[in-house]
Amino acid sequence: MRPRDRLRIAMQKSGRLTEPALELLKRCGLTFRQSRDKLFCFGEGEPVDLLLVRDDDIPGLIAQGVCELGIVGRNVLDEFRVTTGRDSEPLAELRPLGFGRCRLSIAVPQEFDYSEPAQLSGRRIATSYPGLLGAWLREHGVEAGVVTLAGSVEIAPKLGTADAICDLVQSGGTLVANQLREVDVLLESEAVLAGPQALPADERGDLIELLLKRLDGVIQVRESRLLLLQTPRAALDAVTRLLPGGPQPTLLPVAGQPDQLMLQALCAGEVSWRQLEEIKKAGAREMFVLPVEKMLA
Ligand SMILES: Nc1ncnc2c1ncn2[C@@H]1O[C@H](COP(=O)(O)OP(=O)(O)OP(=O)(O)O)[C@@H](O)[C@H]1O
Ligand SMILES: O=P(O)(O)OC[C@H]1O[C@H](OP(=O)(O)OP(=O)(O)O)[C@H](O)[C@@H]1O
Ligand SMILES: [Mg+2]
């Protein structure tokens with residue numbers, strides 16, 4: 001029997017999600033003793049250990065109870081749930097983590113005049129996600145051939161083994177390089193924390209709760225920006241209306257300029273150049289957008 005008082009988290013051993021996942025766990029106060037070429041890393045501070053595996057294995061490891069949590073792309077988690085029929089089973093997406101963003105899309109050769117899914121009827125579609133693709137085709141009442149490939153899916157149309165593909169897209173560079181065009185999105189994906197719908201009724205449940213609280217704090221701070229600006233009192237209403245969401249701004253007087261105010265606002269996300277330009281048009285100036293390192297309300 002394995003001890004029930006330590007938690008195991010599975011994550012990708014080597015790939016796109018490895019560095020950001022480790023960084024996130026570190027920010028949550030978790031550090032690990034073993035070197036990264038090992039499969040198992042013993043947690044130093046908290047009783048939380050790491051399993052370093054292929055990302056495709058993560059949902060199965062959680063479902064089998066080998067580990068309690070996993071950091072994995074939503075694309076991999078949902079593919080597992082669809083193909084194993086574990087949609088309603090207690091394998092849940094506990095938190096979106098905000099990195100590894102990409103989408104699972106249908107792409108066709110440039111010359112394919114695509115306007116709707118029905119045009120895929122009778123065609124062959126190459127993919128590494130037969131479960132998600134099959135579900136999408138059924139949903140749209142399309143009968144198409146699904147050609148399952150482990151990788152290099154984008155080459156299939158050129159080789160004549162498929163008429164279209166269903167693959168991950170981020171910048172779109174891979175599609176352009178292969179004269180393909182993205183025409184439909186099946187799934188918006190990012191790394192997620194996967195785990196049990198119902199927490200284990202032992203120490204591990206308490207640990208998961210603690211970790212989720214820390215994670216929420218870390219994610220909130222990571223996505224927060226502090227906006228500082230100066231505005232004439234007369235423009236305050238207009239400027240305030242344009243501020244990206246968040247709590248009420250703090251206002252401070254500006255020494256020697258009674259008609260001016262210094263405004264400080266915590267924004268719950270990126271502040272774009274476009275938003276800044278709009279705020280400036282409303283009368284603000286001396287604008288600064290600062291990242292937030294730590295926050296204790
Ligand atoms: N171009 C991309 N940009 C951003 N995120 C991506 C991109 N491609 C894939 N991802 C996300 O990152 C996850 C891991 O991608 P990676 O290419 O490292 O996986 P892999 O080759 O399947 O690795 P493994 O060896 O663990 O099986 C994907 O499942 C997806 O969620
Ligand atoms: O839209 P883009 O920014 O081009 O990204 C999409 C590509 O990234 C991933 O492949 P990856 O680069 O991991 O190559 P691999 O699957 O061959 O390992 C994915 O499978 C796509 O091919
Ligand atoms: Mg993989």
# chains A, B, ... in the order shown; residues from 1 in each chain; ligands from 1
>>> residues_around(residues="Thr31 of chain A", least_positions_apart="4", cutoff="12 Å", atoms="only C-alpha atoms", output="PyMOL selection string")
chain A and resi 21-27+35+41-50
>>> write_last_selection(atoms="C-alpha atoms", output="PDB file, in the first residue's frame")
ATOM      1  CA  ALA A  21       4.550  23.794 -15.059  1.00  0.00           C
ATOM      2  CA  LEU A  22       7.655  23.606 -12.838  1.00  0.00           C
ATOM      3  CA  GLU A  23       7.711  27.394 -12.541  1.00  0.00           C
ATOM      4  CA  LEU A  24       4.058  27.428 -11.501  1.00  0.00           C
ATOM      5  CA  LEU A  25       4.583  24.721  -8.871  1.00  0.00           C
ATOM      6  CA  LYS A  26       7.610  26.629  -7.564  1.00  0.00           C
ATOM      7  CA  ARG A  27       5.507  29.762  -7.202  1.00  0.00           C
ATOM      8  CA  SER A  35      17.140  15.699 -10.879  1.00  0.00           C
ATOM      9  CA  CYS A  41      10.874  13.677  -7.840  1.00  0.00           C
ATOM     10  CA  PHE A  42      10.494  13.779  -4.077  1.00  0.00           C
ATOM     11  CA  GLY A  43       8.926  16.979  -2.732  1.00  0.00           C
ATOM     12  CA  GLU A  44      11.132  18.836  -0.247  1.00  0.00           C
ATOM     13  CA  GLY A  45       8.911  21.298   1.590  1.00  0.00           C
ATOM     14  CA  GLU A  46       5.373  20.004   1.296  1.00  0.00           C
ATOM     15  CA  PRO A  47       4.468  16.279   1.072  1.00  0.00           C
ATOM     16  CA  VAL A  48       3.901  16.568  -2.673  1.00  0.00           C
ATOM     17  CA  ASP A  49       5.864  14.444  -5.178  1.00  0.00           C
ATOM     18  CA  LEU A  50       6.203  14.710  -8.954  1.00  0.00           C
TER      19      LEU A  50
END
>>> residues_near_ligand(ligand="ligand 2", cutoff="9 Å", atoms="only C-alpha atoms and all ligand atoms", output="PyMOL selection string")
chain A and resi 15-16+102-103+128+150-154+167-177
>>> closest_residue(among="A:Val292, A:Leu252, A:Ala235, A:Cys28", to="Lys280 of chain A", atoms="only C-alpha atoms")
A:Ala235
>>> closest_atom_pairs(of="chain A", to="ligand 3", cutoff="9 Å", atoms="only C-alpha atoms and all ligand atoms", output="tab-separated table")
residue	atom	partner	partner_atom_place_in_ligand_line	distance
A:Gln12	CA	ligand 3	1 (Mg)	8.5
A:Gly15	CA	ligand 3	1 (Mg)	8.5
A:Arg54	CA	ligand 3	1 (Mg)	5.7
A:Asp55	CA	ligand 3	1 (Mg)	4.9
A:Asp56	CA	ligand 3	1 (Mg)	4.7
A:Asp57	CA	ligand 3	1 (Mg)	8.0
A:Val76	CA	ligand 3	1 (Mg)	8.0
A:Ala150	CA	ligand 3	1 (Mg)	8.7
>>> write_last_selection(atoms="C-alpha atoms", output="PDB file, in the first residue's frame")
ATOM      1  CA  GLN A  12       5.251  16.357 -18.795  1.00  0.00           C
ATOM      2  CA  GLY A  15       8.220  19.319 -23.730  1.00  0.00           C
ATOM      3  CA  ARG A  54       4.752  11.605 -21.474  1.00  0.00           C
ATOM      4  CA  ASP A  55       1.853  14.037 -21.497  1.00  0.00           C
ATOM      5  CA  ASP A  56      -0.447  11.481 -23.178  1.00  0.00           C
ATOM      6  CA  ASP A  57      -0.131   9.194 -20.131  1.00  0.00           C
ATOM      7  CA  VAL A  76      -5.021  15.616 -24.156  1.00  0.00           C
ATOM      8  CA  ALA A 150       0.917   9.993 -34.057  1.00  0.00           C
TER       9      ALA A 150
END
>>> select_by_dssp(residues="segment 40-154 of chain A", states="helix (DSSP H, G or I)", output="count of residues only")
36
>>> atom_distance(atom1="atom CA of Ala162 of chain A", atom2="atom CA of Glu116 of chain A")
17.8 Å
>>> closest_residue(among="A:Glu190, A:Asp259, A:Asp5, A:Asp216", to="Ile71 of chain A", atoms="only C-alpha atoms")
A:Glu190
>>> select_by_dssp(residues="segment 83-287 of chain A", states="strand (DSSP E)", output="number ranges by chain")
A: 91-96, 102-109, 124-127, 145-148, 164-169, 180-189, 191-196, 225-232, 250-253, 260-267, 285-287
>>> closest_residue(among="A:Gly73, A:Pro130, A:Pro200, A:Pro20", to="ligand 1", atoms="only C-alpha atoms and all ligand atoms")
A:Gly73
>>> residues_around(residues="Glu68 of chain A", least_positions_apart="5", cutoff="9 Å", atoms="only C-alpha atoms", output="ChimeraX atom specification")
/A:7-10,61-63,194-196,200,204,208
>>> closest_residue(among="A:Arg33, A:Arg225, A:Arg74, A:Lys158", to="ligand 1", atoms="only C-alpha atoms and all ligand atoms")
A:Arg74
>>> closest_residue(among="A:Met11, A:Leu180, A:Met295, A:Leu207", to="ligand 1", atoms="only C-alpha atoms and all ligand atoms")
A:Met11
>>> closest_residue(among="A:Ala135, A:Ala268, A:Val192, A:Leu94", to="ligand 1", atoms="only C-alpha atoms and all ligand atoms")
A:Val192
